[in-house]
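Chemist: Just so it is clear, I am handing over start-v4.pdb, which has PDB, N, CA and C atoms and all ligand atoms.
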ATOM      1  N   MET A 275     -12.546 -34.855 -26.587
ATOM      2  CA  MET A 275     -12.625 -33.393 -26.704
ATOM      3  C   MET A 275     -12.017 -32.924 -28.025
ATOM      4  N   LYS A 276     -12.670 -31.951 -28.599
ATOM      5  CA  LYS A 276     -12.169 -31.423 -29.863
ATOM      6  C   LYS A 276     -10.880 -30.646 -29.677
ATOM      7  N   PHE A 277     -10.076 -30.710 -30.683
ATOM      8  CA  PHE A 277      -8.803 -29.987 -30.639
ATOM      9  C   PHE A 277      -9.026 -28.483 -30.449
ATOM     10  N   GLU A 278     -10.077 -27.947 -31.084
ATOM     11  CA  GLU A 278     -10.379 -26.513 -30.978
ATOM     12  C   GLU A 278     -10.579 -26.082 -29.520
ATOM     13  N   TYR A 279     -11.209 -26.961 -28.745
ATOM     14  CA  TYR A 279     -11.436 -26.625 -27.343
ATOM     15  C   TYR A 279     -10.119 -26.492 -26.594
ATOM     16  N   LEU A 280      -9.224 -27.415 -26.892
ATOM     17  CA  LEU A 280      -7.917 -27.383 -26.233
ATOM     18  C   LEU A 280      -7.184 -26.081 -26.557
ATOM     19  N   VAL A 281      -7.291 -25.685 -27.839
ATOM     20  CA  VAL A 281      -6.645 -24.431 -28.242
ATOM     21  C   VAL A 281      -7.261 -23.263 -27.478
ATOM     22  N   LEU A 282      -8.589 -23.263 -27.383
ATOM     23  CA  LEU A 282      -9.283 -22.193 -26.652
ATOM     24  C   LEU A 282      -8.838 -22.123 -25.196
ATOM     25  N   ILE A 283      -8.755 -23.299 -24.583
ATOM     26  CA  ILE A 283      -8.333 -23.349 -23.182
ATOM     27  C   ILE A 283      -6.903 -22.824 -23.035
ATOM     28  N   ALA A 284      -6.037 -23.236 -23.962
ATOM     29  CA  ALA A 284      -4.638 -22.784 -23.913
ATOM     30  C   ALA A 284      -4.561 -21.267 -24.056
ATOM     31  N   VAL A 285      -5.358 -20.704 -24.961
ATOM     32  CA  VAL A 285      -5.363 -19.255 -25.162
ATOM     33  C   VAL A 285      -5.878 -18.547 -23.899
ATOM     34  N   ALA A 286      -6.962 -19.089 -23.345
ATOM     35  CA  ALA A 286      -7.527 -18.488 -22.133
ATOM     36  C   ALA A 286      -6.503 -18.486 -21.004
ATOM     37  N   LEU A 287      -5.796 -19.595 -20.852
ATOM     38  CA  LEU A 287      -4.773 -19.693 -19.803
ATOM     39  C   LEU A 287      -3.639 -18.695 -20.048
ATOM     40  N   ALA A 288      -3.257 -18.547 -21.312
ATOM     41  CA  ALA A 288      -2.178 -17.620 -21.649
ATOM     42  C   ALA A 288      -2.590 -16.184 -21.318
ATOM     43  N   ILE A 289      -3.838 -15.834 -21.655
ATOM     44  CA  ILE A 289      -4.333 -14.490 -21.353
ATOM     45  C   ILE A 289      -4.366 -14.268 -19.839
ATOM     46  N   TRP A 290      -4.850 -15.258 -19.139
ATOM     47  CA  TRP A 290      -4.930 -15.161 -17.684
ATOM     48  C   TRP A 290      -3.526 -14.963 -17.085
ATOM     49  N   GLY A 291      -2.581 -15.753 -17.569
ATOM     50  CA  GLY A 291      -1.207 -15.648 -17.077
ATOM     51  C   GLY A 291      -0.611 -14.285 -17.362
ATOM     52  N   PHE A 292      -0.892 -13.763 -18.538
ATOM     53  CA  PHE A 292      -0.397 -12.457 -18.928
ATOM     54  C   PHE A 292      -0.971 -11.364 -18.031
ATOM     55  N   LYS A 293      -2.258 -11.490 -17.747
ATOM     56  CA  LYS A 293      -2.907 -10.510 -16.868
ATOM     57  C   LYS A 293      -2.290 -10.536 -15.470
ATOM     58  N   GLN A 294      -2.055 -11.750 -14.970
ATOM     59  CA  GLN A 294      -1.445 -11.886 -13.645
ATOM     60  C   GLN A 294      -0.076 -11.217 -13.624
ATOM     61  N   LEU A 295       0.664 -11.418 -14.707
ATOM     62  CA  LEU A 295       2.006 -10.856 -14.813
ATOM     63  C   LEU A 295       1.941  -9.326 -14.826
ATOM     64  N   MET A 296       1.022  -8.763 -15.621
ATOM     65  CA  MET A 296       0.875  -7.320 -15.692
ATOM     66  C   MET A 296       0.479  -6.747 -14.340
ATOM     67  N   PHE A 297      -0.408  -7.467 -13.665
ATOM     68  CA  PHE A 297      -0.863  -7.032 -12.360
ATOM     69  C   PHE A 297       0.317  -6.974 -11.382
ATOM     70  N   GLU A 298       1.136  -8.025 -11.421
ATOM     71  CA  GLU A 298       2.295  -8.113 -10.530
ATOM     72  C   GLU A 298       3.302  -7.001 -10.837
ATOM     73  N   ILE A 299       3.544  -6.744 -12.118
ATOM     74  CA  ILE A 299       4.476  -5.684 -12.510
ATOM     75  C   ILE A 299       3.952  -4.325 -12.030
ATOM     76  N   GLY A 300       2.659  -4.074 -12.252
ATOM     77  CA  GLY A 300       2.045  -2.822 -11.812
ATOM     78  C   GLY A 300       2.168  -2.635 -10.311
ATOM     79  N   ARG A 301       1.941  -3.712  -9.590
ATOM     80  CA  ARG A 301       2.022  -3.662  -8.138
ATOM     81  C   ARG A 301       3.434  -3.288  -7.690
ATOM     82  N   ARG A 302       4.425  -3.900  -8.317
ATOM     83  CA  ARG A 302       5.814  -3.600  -7.960
ATOM     84  C   ARG A 302       6.194  -2.174  -8.293
ATOM     85  N   LEU A 303       5.742  -1.707  -9.462
ATOM     86  CA  LEU A 303       6.053  -0.334  -9.859
ATOM     87  C   LEU A 303       5.442   0.655  -8.870
ATOM     88  N   ARG A 304       4.199   0.384  -8.489
ATOM     89  CA  ARG A 304       3.527   1.274  -7.540
ATOM     90  C   ARG A 304       4.250   1.270  -6.204
ATOM     91  N   ARG A 305       4.658   0.093  -5.785
ATOM     92  CA  ARG A 305       5.337  -0.021  -4.493
ATOM     93  C   ARG A 305       6.669   0.722  -4.520
ATOM     94  N   ASN A 306       7.402   0.563  -5.613
ATOM     95  CA  ASN A 306       8.678   1.270  -5.731
ATOM     96  C   ASN A 306       8.485   2.775  -5.759
ATOM     97  N   TYR A 307       7.483   3.197  -6.521
ATOM     98  CA  TYR A 307       7.193   4.622  -6.587
ATOM     99  C   TYR A 307       6.858   5.118  -5.184
ATOM    100  N   TYR A 308       6.039   4.340  -4.501
ATOM    101  CA  TYR A 308       5.608   4.710  -3.170
ATOM    102  C   TYR A 308       6.802   4.860  -2.232
ATOM    103  N   ARG A 309       7.669   3.876  -2.227
ATOM    104  CA  ARG A 309       8.819   3.886  -1.315
ATOM    105  C   ARG A 309       9.847   4.944  -1.676
ATOM    106  N   ASN A 310      10.138   5.043  -2.980
ATOM    107  CA  ASN A 310      11.258   5.892  -3.388
ATOM    108  C   ASN A 310      10.878   7.334  -3.634
ATOM    109  N   THR A 311       9.639   7.570  -3.953
ATOM    110  CA  THR A 311       9.243   8.939  -4.295
ATOM    111  C   THR A 311       8.273   9.530  -3.284
ATOM    112  N   TYR A 312       7.146   8.854  -3.114
ATOM    113  CA  TYR A 312       6.112   9.450  -2.272
ATOM    114  C   TYR A 312       6.547   9.637  -0.821
ATOM    115  N   LEU A 313       7.144   8.634  -0.226
ATOM    116  CA  LEU A 313       7.520   8.744   1.187
ATOM    117  C   LEU A 313       8.612   9.784   1.423
ATOM    118  N   LYS A 314       9.234  10.269   0.356
ATOM    119  CA  LYS A 314      10.258  11.301   0.508
ATOM    120  C   LYS A 314       9.718  12.682   0.139
ATOM    121  N   SER A 315       8.480  12.723  -0.305
ATOM    122  CA  SER A 315       7.937  14.000  -0.778
ATOM    123  C   SER A 315       7.504  14.905   0.367
ATOM    124  N   GLU A 316       7.473  16.190   0.055
ATOM    125  CA  GLU A 316       7.054  17.188   1.033
ATOM    126  C   GLU A 316       5.583  16.983   1.390
ATOM    127  N   GLU A 317       4.832  16.564   0.377
ATOM    128  CA  GLU A 317       3.405  16.326   0.567
ATOM    129  C   GLU A 317       3.168  15.268   1.648
ATOM    130  N   TRP A 318       3.935  14.191   1.563
ATOM    131  CA  TRP A 318       3.800  13.133   2.562
ATOM    132  C   TRP A 318       4.249  13.631   3.926
ATOM    133  N   GLN A 319       5.323  14.391   3.995
ATOM    134  CA  GLN A 319       5.807  14.921   5.263
ATOM    135  C   GLN A 319       4.735  15.772   5.940
ATOM    136  N   ARG A 320       4.046  16.556   5.121
ATOM    137  CA  ARG A 320       2.979  17.405   5.645
ATOM    138  C   ARG A 320       1.832  16.561   6.176
ATOM    139  N   LYS A 321       1.456  15.565   5.403
ATOM    140  CA  LYS A 321       0.339  14.706   5.780
ATOM    141  C   LYS A 321       0.655  13.937   7.066
ATOM    142  N   ARG A 322       1.859  13.439   7.117
ATOM    143  CA  ARG A 322       2.346  12.702   8.266
ATOM    144  C   ARG A 322       2.238  13.571   9.529
ATOM    145  N   TYR A 323       2.647  14.818   9.378
ATOM    146  CA  TYR A 323       2.612  15.752  10.504
ATOM    147  C   TYR A 323       1.173  15.967  10.965
ATOM    148  N   VAL A 324       0.264  16.137  10.015
ATOM    149  CA  VAL A 324      -1.149  16.350  10.344
ATOM    150  C   VAL A 324      -1.700  15.152  11.129
ATOM    151  N   VAL A 325      -1.340  13.938  10.692
ATOM    152  CA  VAL A 325      -1.831  12.724  11.350
ATOM    153  C   VAL A 325      -1.262  12.604  12.758
ATOM    154  N   LEU A 326       0.035  12.824  12.907
ATOM    155  CA  LEU A 326       0.670  12.735  14.218
ATOM    156  C   LEU A 326       0.073  13.770  15.176
ATOM    157  N   LYS A 327      -0.164  14.952  14.663
ATOM    158  CA  LYS A 327      -0.735  16.017  15.477
ATOM    159  C   LYS A 327      -2.152  15.654  15.915
ATOM    160  N   ARG A 328      -2.933  15.119  14.960
ATOM    161  CA  ARG A 328      -4.316  14.710  15.270
ATOM    162  C   ARG A 328      -4.338  13.685  16.403
ATOM    163  N   ASP A 329      -3.392  12.742  16.374
ATOM    164  CA  ASP A 329      -3.347  11.688  17.386
ATOM    165  C   ASP A 329      -2.469  12.062  18.587
ATOM    166  N   ASN A 330      -2.109  13.322  18.700
ATOM    167  CA  ASN A 330      -1.281  13.801  19.815
ATOM    168  C   ASN A 330       0.049  13.067  19.959
ATOM    169  N   TRP A 331       0.647  12.653  18.862
ATOM    170  CA  TRP A 331       1.930  11.945  18.850
ATOM    171  C   TRP A 331       1.876  10.688  19.726
ATOM    172  N   LYS A 332       0.673  10.097  19.803
ATOM    173  CA  LYS A 332       0.541   8.859  20.573
ATOM    174  C   LYS A 332       0.160   7.722  19.645
ATOM    175  N   CYS A 333       0.743   6.570  19.912
ATOM    176  CA  CYS A 333       0.417   5.371  19.148
ATOM    177  C   CYS A 333      -1.049   5.019  19.406
ATOM    178  N   VAL A 334      -1.843   4.845  18.362
ATOM    179  CA  VAL A 334      -3.263   4.548  18.548
ATOM    180  C   VAL A 334      -3.489   3.120  19.059
ATOM    181  N   TYR A 335      -2.468   2.287  19.007
ATOM    182  CA  TYR A 335      -2.622   0.905  19.445
ATOM    183  C   TYR A 335      -2.200   0.686  20.888
ATOM    184  N   CYS A 336      -1.138   1.371  21.334
ATOM    185  CA  CYS A 336      -0.670   1.115  22.700
ATOM    186  C   CYS A 336      -0.474   2.378  23.525
ATOM    187  N   GLY A 337      -0.575   3.546  22.923
ATOM    188  CA  GLY A 337      -0.467   4.780  23.697
ATOM    189  C   GLY A 337       0.948   5.288  23.886
ATOM    190  N   ALA A 338       1.938   4.542  23.403
ATOM    191  CA  ALA A 338       3.330   5.000  23.493
ATOM    192  C   ALA A 338       3.546   6.157  22.520
ATOM    193  N   ARG A 339       4.699   6.786  22.604
ATOM    194  CA  ARG A 339       4.978   7.896  21.698
ATOM    195  C   ARG A 339       5.065   7.401  20.251
ATOM    196  N   ALA A 340       4.270   8.014  19.399
ATOM    197  CA  ALA A 340       4.257   7.596  17.991
ATOM    198  C   ALA A 340       5.400   8.261  17.246
ATOM    199  N   THR A 341       6.084   7.490  16.448
ATOM    200  CA  THR A 341       7.177   8.041  15.643
ATOM    201  C   THR A 341       6.925   7.828  14.159
ATOM    202  N   GLN A 342       5.873   7.048  13.846
ATOM    203  CA  GLN A 342       5.612   6.719  12.447
ATOM    204  C   GLN A 342       4.131   6.824  12.148
ATOM    205  N   VAL A 343       3.818   6.750  10.874
ATOM    206  CA  VAL A 343       2.419   6.778  10.448
ATOM    207  C   VAL A 343       2.145   5.528   9.631
ATOM    208  N   HIS A 344       1.069   4.846   9.984
ATOM    209  CA  HIS A 344       0.732   3.595   9.318
ATOM    210  C   HIS A 344      -0.513   3.772   8.448
ATOM    211  N   HIS A 345      -0.503   3.145   7.277
ATOM    212  CA  HIS A 345      -1.664   3.158   6.389
ATOM    213  C   HIS A 345      -2.587   2.000   6.752
ATOM    214  N   LYS A 346      -3.804   2.301   7.108
ATOM    215  CA  LYS A 346      -4.764   1.223   7.309
ATOM    216  C   LYS A 346      -5.232   0.716   5.955
ATOM    217  N   ARG A 347      -5.269   1.606   4.992
ATOM    218  CA  ARG A 347      -5.600   1.251   3.611
ATOM    219  C   ARG A 347      -4.704   2.056   2.700
ATOM    220  N   TYR A 348      -4.556   1.576   1.477
ATOM    221  CA  TYR A 348      -3.787   2.314   0.477
ATOM    222  C   TYR A 348      -4.714   2.739  -0.650
ATOM    223  N   ALA A 349      -4.480   3.926  -1.171
ATOM    224  CA  ALA A 349      -5.205   4.368  -2.363
ATOM    225  C   ALA A 349      -4.476   3.763  -3.552
ATOM    226  N   LYS A 350      -4.950   2.624  -3.983
ATOM    227  CA  LYS A 350      -4.215   1.857  -4.990
ATOM    228  C   LYS A 350      -4.019   2.588  -6.306
ATOM    229  N   ARG A 351      -5.081   3.171  -6.811
ATOM    230  CA  ARG A 351      -4.998   3.792  -8.136
ATOM    231  C   ARG A 351      -4.247   5.118  -8.120
ATOM    232  N   ASN A 352      -4.454   5.901  -7.107
ATOM    233  CA  ASN A 352      -3.698   7.149  -7.037
ATOM    234  C   ASN A 352      -3.033   7.345  -5.687
ATOM    235  N   ILE A 353      -1.810   6.938  -5.684
ATOM    236  CA  ILE A 353      -0.994   7.018  -4.484
ATOM    237  C   ILE A 353      -0.890   8.470  -4.024
ATOM    238  N   GLY A 354      -1.024   8.667  -2.745
ATOM    239  CA  GLY A 354      -0.911  10.023  -2.227
ATOM    240  C   GLY A 354      -2.256  10.704  -2.074
ATOM    241  N   LYS A 355      -3.307  10.021  -2.534
ATOM    242  CA  LYS A 355      -4.635  10.616  -2.441
ATOM    243  C   LYS A 355      -5.439   9.990  -1.300
ATOM    244  N   GLU A 356      -4.776   9.217  -0.457
ATOM    245  CA  GLU A 356      -5.507   8.574   0.623
ATOM    246  C   GLU A 356      -5.989   9.619   1.627
ATOM    247  N   PRO A 357      -7.248   9.482   2.089
ATOM    248  CA  PRO A 357      -7.727  10.446   3.075
ATOM    249  C   PRO A 357      -7.024  10.256   4.421
ATOM    250  N   ILE A 358      -6.992  11.333   5.193
ATOM    251  CA  ILE A 358      -6.304  11.315   6.487
ATOM    252  C   ILE A 358      -6.836  10.210   7.415
ATOM    253  N   LYS A 359      -8.126   9.888   7.261
ATOM    254  CA  LYS A 359      -8.699   8.888   8.175
ATOM    255  C   LYS A 359      -8.171   7.474   7.925
ATOM    256  N   TRP A 360      -7.484   7.259   6.798
ATOM    257  CA  TRP A 360      -6.876   5.950   6.551
ATOM    258  C   TRP A 360      -5.518   5.837   7.225
ATOM    259  N   LEU A 361      -5.041   6.927   7.787
ATOM    260  CA  LEU A 361      -3.709   6.945   8.379
ATOM    261  C   LEU A 361      -3.795   7.036   9.886
ATOM    262  N   VAL A 362      -2.924   6.316  10.562
ATOM    263  CA  VAL A 362      -2.896   6.375  12.020
ATOM    264  C   VAL A 362      -1.459   6.523  12.509
ATOM    265  N   SER A 363      -1.331   7.226  13.644
ATOM    266  CA  SER A 363      -0.022   7.353  14.270
ATOM    267  C   SER A 363       0.297   6.054  14.978
ATOM    268  N   ILE A 364       1.565   5.674  14.943
ATOM    269  CA  ILE A 364       1.935   4.368  15.491
ATOM    270  C   ILE A 364       3.370   4.418  15.999
ATOM    271  N   CYS A 365       3.668   3.584  17.005
ATOM    272  CA  CYS A 365       5.049   3.520  17.491
ATOM    273  C   CYS A 365       5.803   2.455  16.699
ATOM    274  N   GLN A 366       7.098   2.469  16.822
ATOM    275  CA  GLN A 366       7.937   1.536  16.057
ATOM    276  C   GLN A 366       7.544   0.077  16.282
ATOM    277  N   SER A 367       7.354  -0.313  17.567
ATOM    278  CA  SER A 367       7.147  -1.735  17.824
ATOM    279  C   SER A 367       5.779  -2.218  17.325
ATOM    280  N   CYS A 368       4.741  -1.382  17.504
ATOM    281  CA  CYS A 368       3.423  -1.778  16.965
ATOM    282  C   CYS A 368       3.470  -1.835  15.442
ATOM    283  N   HIS A 369       4.227  -0.924  14.855
ATOM    284  CA  HIS A 369       4.307  -0.907  13.403
ATOM    285  C   HIS A 369       5.007  -2.163  12.874
ATOM    286  N   ASP A 370       6.062  -2.562  13.552
ATOM    287  CA  ASP A 370       6.745  -3.798  13.164
ATOM    288  C   ASP A 370       5.793  -4.986  13.205
ATOM    289  N   LYS A 371       4.963  -5.026  14.271
ATOM    290  CA  LYS A 371       4.001  -6.134  14.411
ATOM    291  C   LYS A 371       2.994  -6.115  13.273
ATOM    292  N   LYS A 372       2.534  -4.910  12.903
ATOM    293  CA  LYS A 372       1.526  -4.772  11.838
ATOM    294  C   LYS A 372       2.024  -5.299  10.504
ATOM    295  N   HIS A 373       3.304  -5.156  10.273
ATOM    296  CA  HIS A 373       3.820  -5.517   8.955
ATOM    297  C   HIS A 373       4.492  -6.881   8.906
ATOM    298  N   ARG A 374       4.434  -7.603  10.020
ATOM    299  CA  ARG A 374       5.092  -8.890  10.012
ATOM    300  C   ARG A 374       4.283  -9.926   9.260
TER     301      ARG A 374
HETATM  302 ZN    ZN A 401       2.350   1.191  19.864
HETATM  303 ZN    ZN A 402       2.462   0.631   8.090
END
For this file, produce the structure as structure tokens.
Modeler:
Amino acid sequence: MKFEYLVLIAVALAIWGFKQLMFEIGRRLRRNYYRNTYLKSEEWQRKRYVVLKRDNWKCVYCGARATQVHHKRYAKRNIGKEPIKWLVSICQSCHDKKHR
């Protein structure tokens, strides 16, 4: 194999590794923002209330009293823009199971 090919492969691997790293950093930043800012915002409190009310404060999985709201999906690019239908009311124990 030519030396040039090896260099090309090394460069491609470096770019790939860099992209993976950026992706991981972005993911962590989004998660931190989500936990520290969004979940404490008034907007989220309002949305949470709407979801709990829609589901009659009942866990959609077992029917027990719901105390939390679970995301079935996340709006990755713009946190906080997830539609109400992606959110479900859930009780503590079902929620623990979902995230295990
Ligand atoms: Zn439940
Ligand atoms: Zn959840």
Chemist: Using all atoms listed in the file, determine which residues fall within 8 Å of ligand ZN 402 (chain A), then list them as a list of chain:residue names.
Modeler: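 Using all atoms listed in the file, everything at most 8 Å from ligand ZN 402 (chain A) comes to A:Gln342, A:Val343, A:His344, A:His345, A:Lys346, A:Cys368, A:His369, A:Asp370, A:Lys372, A:His373.
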Chemist: Have a look at A:Val362, A:Val334, A:Ile283, A:Ile353 and name the one nearest to ligand ZN 401 (chain A); count all atoms listed in the file.
Modeler: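 Among the listed residues, the smallest separation from ligand ZN 401 (chain A) belongs to A:Val334.
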Chemist: Counting only C-alpha atoms, note down every residue that has an atom within 12 Å of the point (1.2, 1.7, 24.1) (file coordinates), as a PyMOL selection string.
Modeler: chain A and resi 331-340+363-369
Chemist: Under the rule that only C-alpha atoms and all ligand atoms are counted, which of A:Glu356, A:Thr341, A:Ile299, A:Phe292 is the nearest residue to ligand ZN 401 (chain A)?
Modeler: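 Of A:Glu356, A:Thr341, A:Ile299, A:Phe292, the one nearest ligand ZN 401 (chain A) is A:Thr341, counting only C-alpha atoms and all ligand atoms.
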Chemist: List the spatial neighbours of A:Tyr308 as a list in words - criterion: any atom at most 10 Å away, only C-alpha atoms, same-chain residues fewer than 6 positions off excluded.
Modeler: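 Selected residues are Arg302, Lys314, Ser315, Ile353 and Gly354 of chain A.
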Chemist: Let's see if you can do this: from backbone DSSP, list all alpha helix (DSSP H) residues in chain A, as a ChimeraX atom specification.
Modeler: /A:277-310,316-328,366-372
Chemist: Only N, CA and C atoms, please: the residues just picked out, written as a short mmCIF file (atom, residue, chain, number, x, y, z; two decimals), keeping the file's coordinate frame.
Modeler:
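To be explicit, this is the file written out as again-v8.cif:
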data_model
loop_
_atom_site.label_atom_id
_atom_site.label_comp_id
_atom_site.auth_asym_id
_atom_site.auth_seq_id
_atom_site.Cartn_x
_atom_site.Cartn_y
_atom_site.Cartn_z
N PHE A 277 -10.08 -30.71 -30.68
CA PHE A 277 -8.80 -29.99 -30.64
C PHE A 277 -9.03 -28.48 -30.45
N GLU A 278 -10.08 -27.95 -31.08
CA GLU A 278 -10.38 -26.51 -30.98
C GLU A 278 -10.58 -26.08 -29.52
N TYR A 279 -11.21 -26.96 -28.74
CA TYR A 279 -11.44 -26.62 -27.34
C TYR A 279 -10.12 -26.49 -26.59
N LEU A 280 -9.22 -27.42 -26.89
CA LEU A 280 -7.92 -27.38 -26.23
C LEU A 280 -7.18 -26.08 -26.56
N VAL A 281 -7.29 -25.68 -27.84
CA VAL A 281 -6.64 -24.43 -28.24
C VAL A 281 -7.26 -23.26 -27.48
N LEU A 282 -8.59 -23.26 -27.38
CA LEU A 282 -9.28 -22.19 -26.65
C LEU A 282 -8.84 -22.12 -25.20
N ILE A 283 -8.76 -23.30 -24.58
CA ILE A 283 -8.33 -23.35 -23.18
C ILE A 283 -6.90 -22.82 -23.04
N ALA A 284 -6.04 -23.24 -23.96
CA ALA A 284 -4.64 -22.78 -23.91
C ALA A 284 -4.56 -21.27 -24.06
N VAL A 285 -5.36 -20.70 -24.96
CA VAL A 285 -5.36 -19.26 -25.16
C VAL A 285 -5.88 -18.55 -23.90
N ALA A 286 -6.96 -19.09 -23.34
CA ALA A 286 -7.53 -18.49 -22.13
C ALA A 286 -6.50 -18.49 -21.00
N LEU A 287 -5.80 -19.60 -20.85
CA LEU A 287 -4.77 -19.69 -19.80
C LEU A 287 -3.64 -18.70 -20.05
N ALA A 288 -3.26 -18.55 -21.31
CA ALA A 288 -2.18 -17.62 -21.65
C ALA A 288 -2.59 -16.18 -21.32
N ILE A 289 -3.84 -15.83 -21.66
CA ILE A 289 -4.33 -14.49 -21.35
C ILE A 289 -4.37 -14.27 -19.84
N TRP A 290 -4.85 -15.26 -19.14
CA TRP A 290 -4.93 -15.16 -17.68
C TRP A 290 -3.53 -14.96 -17.08
N GLY A 291 -2.58 -15.75 -17.57
CA GLY A 291 -1.21 -15.65 -17.08
C GLY A 291 -0.61 -14.28 -17.36
N PHE A 292 -0.89 -13.76 -18.54
CA PHE A 292 -0.40 -12.46 -18.93
C PHE A 292 -0.97 -11.36 -18.03
N LYS A 293 -2.26 -11.49 -17.75
CA LYS A 293 -2.91 -10.51 -16.87
C LYS A 293 -2.29 -10.54 -15.47
N GLN A 294 -2.06 -11.75 -14.97
CA GLN A 294 -1.44 -11.89 -13.64
C GLN A 294 -0.08 -11.22 -13.62
N LEU A 295 0.66 -11.42 -14.71
CA LEU A 295 2.01 -10.86 -14.81
C LEU A 295 1.94 -9.33 -14.83
N MET A 296 1.02 -8.76 -15.62
CA MET A 296 0.88 -7.32 -15.69
C MET A 296 0.48 -6.75 -14.34
N PHE A 297 -0.41 -7.47 -13.66
CA PHE A 297 -0.86 -7.03 -12.36
C PHE A 297 0.32 -6.97 -11.38
N GLU A 298 1.14 -8.02 -11.42
CA GLU A 298 2.30 -8.11 -10.53
C GLU A 298 3.30 -7.00 -10.84
N ILE A 299 3.54 -6.74 -12.12
CA ILE A 299 4.48 -5.68 -12.51
C ILE A 299 3.95 -4.32 -12.03
N GLY A 300 2.66 -4.07 -12.25
CA GLY A 300 2.04 -2.82 -11.81
C GLY A 300 2.17 -2.64 -10.31
N ARG A 301 1.94 -3.71 -9.59
CA ARG A 301 2.02 -3.66 -8.14
C ARG A 301 3.43 -3.29 -7.69
N ARG A 302 4.42 -3.90 -8.32
CA ARG A 302 5.81 -3.60 -7.96
C ARG A 302 6.19 -2.17 -8.29
N LEU A 303 5.74 -1.71 -9.46
CA LEU A 303 6.05 -0.33 -9.86
C LEU A 303 5.44 0.66 -8.87
N ARG A 304 4.20 0.38 -8.49
CA ARG A 304 3.53 1.27 -7.54
C ARG A 304 4.25 1.27 -6.20
N ARG A 305 4.66 0.09 -5.78
CA ARG A 305 5.34 -0.02 -4.49
C ARG A 305 6.67 0.72 -4.52
N ASN A 306 7.40 0.56 -5.61
CA ASN A 306 8.68 1.27 -5.73
C ASN A 306 8.48 2.78 -5.76
N TYR A 307 7.48 3.20 -6.52
CA TYR A 307 7.19 4.62 -6.59
C TYR A 307 6.86 5.12 -5.18
N TYR A 308 6.04 4.34 -4.50
CA TYR A 308 5.61 4.71 -3.17
C TYR A 308 6.80 4.86 -2.23
N ARG A 309 7.67 3.88 -2.23
CA ARG A 309 8.82 3.89 -1.32
C ARG A 309 9.85 4.94 -1.68
N ASN A 310 10.14 5.04 -2.98
CA ASN A 310 11.26 5.89 -3.39
C ASN A 310 10.88 7.33 -3.63
N GLU A 316 7.47 16.19 0.06
CA GLU A 316 7.05 17.19 1.03
C GLU A 316 5.58 16.98 1.39
N GLU A 317 4.83 16.56 0.38
CA GLU A 317 3.40 16.33 0.57
C GLU A 317 3.17 15.27 1.65
N TRP A 318 3.94 14.19 1.56
CA TRP A 318 3.80 13.13 2.56
C TRP A 318 4.25 13.63 3.93
N GLN A 319 5.32 14.39 4.00
CA GLN A 319 5.81 14.92 5.26
C GLN A 319 4.74 15.77 5.94
N ARG A 320 4.05 16.56 5.12
CA ARG A 320 2.98 17.40 5.64
C ARG A 320 1.83 16.56 6.18
N LYS A 321 1.46 15.56 5.40
CA LYS A 321 0.34 14.71 5.78
C LYS A 321 0.66 13.94 7.07
N ARG A 322 1.86 13.44 7.12
CA ARG A 322 2.35 12.70 8.27
C ARG A 322 2.24 13.57 9.53
N TYR A 323 2.65 14.82 9.38
CA TYR A 323 2.61 15.75 10.50
C TYR A 323 1.17 15.97 10.96
N VAL A 324 0.26 16.14 10.02
CA VAL A 324 -1.15 16.35 10.34
C VAL A 324 -1.70 15.15 11.13
N VAL A 325 -1.34 13.94 10.69
CA VAL A 325 -1.83 12.72 11.35
C VAL A 325 -1.26 12.60 12.76
N LEU A 326 0.04 12.82 12.91
CA LEU A 326 0.67 12.74 14.22
C LEU A 326 0.07 13.77 15.18
N LYS A 327 -0.16 14.95 14.66
CA LYS A 327 -0.74 16.02 15.48
C LYS A 327 -2.15 15.65 15.92
N ARG A 328 -2.93 15.12 14.96
CA ARG A 328 -4.32 14.71 15.27
C ARG A 328 -4.34 13.68 16.40
N GLN A 366 7.10 2.47 16.82
CA GLN A 366 7.94 1.54 16.06
C GLN A 366 7.54 0.08 16.28
N SER A 367 7.35 -0.31 17.57
CA SER A 367 7.15 -1.74 17.82
C SER A 367 5.78 -2.22 17.32
N CYS A 368 4.74 -1.38 17.50
CA CYS A 368 3.42 -1.78 16.96
C CYS A 368 3.47 -1.84 15.44
N HIS A 369 4.23 -0.92 14.86
CA HIS A 369 4.31 -0.91 13.40
C HIS A 369 5.01 -2.16 12.87
N ASP A 370 6.06 -2.56 13.55
CA ASP A 370 6.74 -3.80 13.16
C ASP A 370 5.79 -4.99 13.20
N LYS A 371 4.96 -5.03 14.27
CA LYS A 371 4.00 -6.13 14.41
C LYS A 371 2.99 -6.12 13.27
N LYS A 372 2.53 -4.91 12.90
CA LYS A 372 1.53 -4.77 11.84
C LYS A 372 2.02 -5.30 10.50
#
Chemist: Work out how far apart atom C of A:Lys321 and atom N of A:Arg301 are and give it in Å to one decimal.
Modeler: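 Here the two named atoms are 24.3 Å from each other.
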Chemist: Could you give me the centre and size, in Å to one decimal, of an axis-aligned box around all listed atoms of stretch 359-367 of chain A with 4 Å added on every side, as AutoDock Vina command-line options?
Modeler:
--center_x -0.4 --center_y 3.8 --center_z 12.2 --size_x 24.6 --size_y 20.1 --size_z 19.3
Chemist: In Å, with one decimal, what is the gap from atom CA of A:Tyr312 to atom N of A:Pro357?
Modeler: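 So the answer is 14.1 Å.
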Chemist: Just how far from atom C of A:Trp360 is atom CA of A:Arg347, in Å to one decimal?
Modeler: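 Value for the atom CA of A:Arg347-atom C of A:Trp360 distance: 5.8 Å.
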